[in-house]
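Asker: What follows is run.cif, mmCIF, C-alpha atoms and all ligand atoms.
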```
data_target
loop_
_atom_site.group_PDB
_atom_site.id
_atom_site.type_symbol
_atom_site.label_atom_id
_atom_site.label_comp_id
_atom_site.auth_asym_id
_atom_site.auth_seq_id
_atom_site.Cartn_x
_atom_site.Cartn_y
_atom_site.Cartn_z
ATOM 1 C CA MET A 29 18.288 52.888 -14.098
ATOM 2 C CA GLN A 30 18.086 53.876 -10.475
ATOM 3 C CA PHE A 31 20.624 51.329 -9.287
ATOM 4 C CA GLU A 32 23.346 52.077 -11.825
ATOM 5 C CA LYS A 33 25.694 53.441 -9.154
ATOM 6 C CA GLU A 34 24.848 50.692 -6.718
ATOM 7 C CA ILE A 35 27.194 48.181 -8.268
ATOM 8 C CA CYS A 36 30.541 46.776 -7.255
ATOM 9 C CA ASN A 37 33.254 48.746 -9.063
ATOM 10 C CA GLU A 38 35.443 45.649 -9.172
ATOM 11 C CA CYS A 39 33.103 43.001 -10.564
ATOM 12 C CA GLY A 40 30.136 45.084 -11.747
ATOM 13 C CA ARG A 41 27.528 43.083 -9.891
ATOM 14 C CA ALA A 42 24.521 44.865 -8.373
ATOM 15 C CA VAL A 43 24.732 45.495 -4.645
ATOM 16 C CA HIS A 44 21.381 47.250 -4.090
ATOM 17 C CA PHE A 45 18.936 46.105 -1.442
ATOM 18 C CA GLY A 46 17.591 42.707 -2.356
ATOM 19 C CA SER A 47 20.440 41.917 -4.754
ATOM 20 C CA GLY A 48 22.057 39.356 -2.502
ATOM 21 C CA LEU A 49 25.238 41.419 -2.197
ATOM 22 C CA PHE A 50 23.649 44.285 -0.247
ATOM 23 C CA VAL A 51 24.881 42.842 3.025
ATOM 24 C CA ASN A 52 28.550 43.568 3.684
ATOM 25 C CA ARG A 53 28.914 45.872 0.718
ATOM 26 C CA VAL A 54 31.493 48.616 1.352
ATOM 27 C CA ALA A 55 31.132 52.191 0.107
ATOM 28 C CA ASP A 56 34.047 53.296 -2.084
ATOM 29 C CA LEU A 57 34.899 56.808 -0.894
ATOM 30 C CA ASN A 58 36.957 57.690 -3.963
ATOM 31 C CA ASP A 59 35.379 59.848 -6.658
ATOM 32 C CA ILE A 60 34.834 58.519 -10.136
ATOM 33 C CA GLU A 61 37.950 60.201 -11.573
ATOM 34 C CA THR A 62 40.074 58.510 -8.927
ATOM 35 C CA ARG A 63 38.429 55.175 -9.621
ATOM 36 C CA ILE A 64 39.207 55.564 -13.327
ATOM 37 C CA GLU A 65 42.854 56.341 -12.479
ATOM 38 C CA MET A 66 42.872 53.211 -10.337
ATOM 39 C CA ARG A 67 41.709 51.312 -13.430
ATOM 40 C CA LYS A 68 38.581 50.058 -11.775
ATOM 41 C CA PRO A 69 36.629 47.918 -14.257
ATOM 42 C CA PHE A 70 33.343 49.634 -13.287
ATOM 43 C CA PRO A 71 34.296 53.130 -12.083
ATOM 44 C CA ASN A 72 30.693 54.343 -11.823
ATOM 45 C CA GLY A 73 30.060 51.832 -9.050
ATOM 46 C CA GLU A 74 30.065 53.432 -5.638
ATOM 47 C CA TYR A 75 30.509 50.212 -3.719
ATOM 48 C CA ILE A 76 32.738 47.175 -3.441
ATOM 49 C CA CYS A 77 31.018 43.881 -2.713
ATOM 50 C CA CYS A 78 32.125 41.691 0.162
ATOM 51 C CA GLU A 79 33.777 39.122 -2.090
ATOM 52 C CA CYS A 80 35.965 41.694 -3.832
ATOM 53 C CA THR A 81 36.705 43.360 -0.501
ATOM 54 C CA TYR A 82 38.211 40.120 0.715
ATOM 55 C CA GLN A 83 40.356 39.834 -2.392
ATOM 56 C CA ILE A 84 41.562 43.423 -2.277
ATOM 57 C CA TYR A 85 42.208 43.871 1.402
ATOM 58 C CA GLU A 86 42.963 40.260 2.303
ATOM 59 C CA TYR A 87 41.134 40.225 5.573
ATOM 60 C CA PRO A 88 43.198 38.189 8.003
ATOM 61 C CA TYR A 89 40.358 35.848 8.911
ATOM 62 C CA VAL A 90 39.910 34.730 5.317
ATOM 63 C CA GLY A 91 42.141 31.716 4.907
ATOM 64 C CA ASN A 92 44.645 31.325 2.087
HETATM 65 ZN ZN ZN B 101 32.586 42.627 -6.466
#
```
Re-express the file's structure as structure tokens.
Answerer:
Amino acid sequence: MQFEKEICNECGRAVHFGSGLFVNRVADLNDIETRIEMRKPFPNGEYICCECTYQIYEYPYVGN
């Protein structure tokens, strides 16, 4: 499965080109061991999708 690492490590959804979440995906710079220590639900995912990014980092322009 060529896209197995192109998933969001928070929600597990595919973020590859054409997936609908490709835009605004953020690369997770941690290695897989670190992601496991962080208790990421999908530690093999090398990205975080835009929706999870908002939840994690609480971008100031996202209300409430
Ligand atoms: Zn996500």
Asker: Please enumerate the residues selected by the PyMOL selection byres (((chain A and resi 77) around 9) and not hetatm) when evaluated against the supplied file, formatted as a list in words.
Answerer: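 So the PyMOL selection byres (((chain A and resi 77) around 9) and not hetatm), applied here, picks out Ile35, Cys36, Asn37, Glu38, Cys39, Arg41, Ala42, Val43, Leu49, Phe50, Val51, Asn52, Arg53, Val54, Ala55, Tyr75, Ile76, Cys78, Glu79, Cys80, Thr81 and Tyr82 of chain A.
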Asker: If I take atom CA of A:Ile60 and atom CA of A:Ser47, how far is one from the other in Å, to one decimal?
Answerer: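 These atoms are spaced 22.6 Å apart.
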Asker: Report, in Å to a single decimal, how far apart atom CA of A:Gly46 and atom CA of A:Asn58 are.
Answerer: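 So the two atoms, atom CA of A:Asn58 and atom CA of A:Gly46, lie 24.5 Å apart.
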Asker: When you draw a straight line from atom CA of A:Glu32 to atom CA of A:Gln83, how long is it in Å?
Answerer: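 Atom-to-atom, atom CA of A:Glu32 to atom CA of A:Gln83, that is 23.0 Å.
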Asker: Using only C-alpha atoms and all ligand atoms, which residue out of A:Asn72, A:Met66, A:Gly40, A:Glu34 lies closest to ligand ZN 101 (chain B)?
Answerer: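 Of all the options, A:Gly40 lies closest to ligand ZN 101 (chain B).
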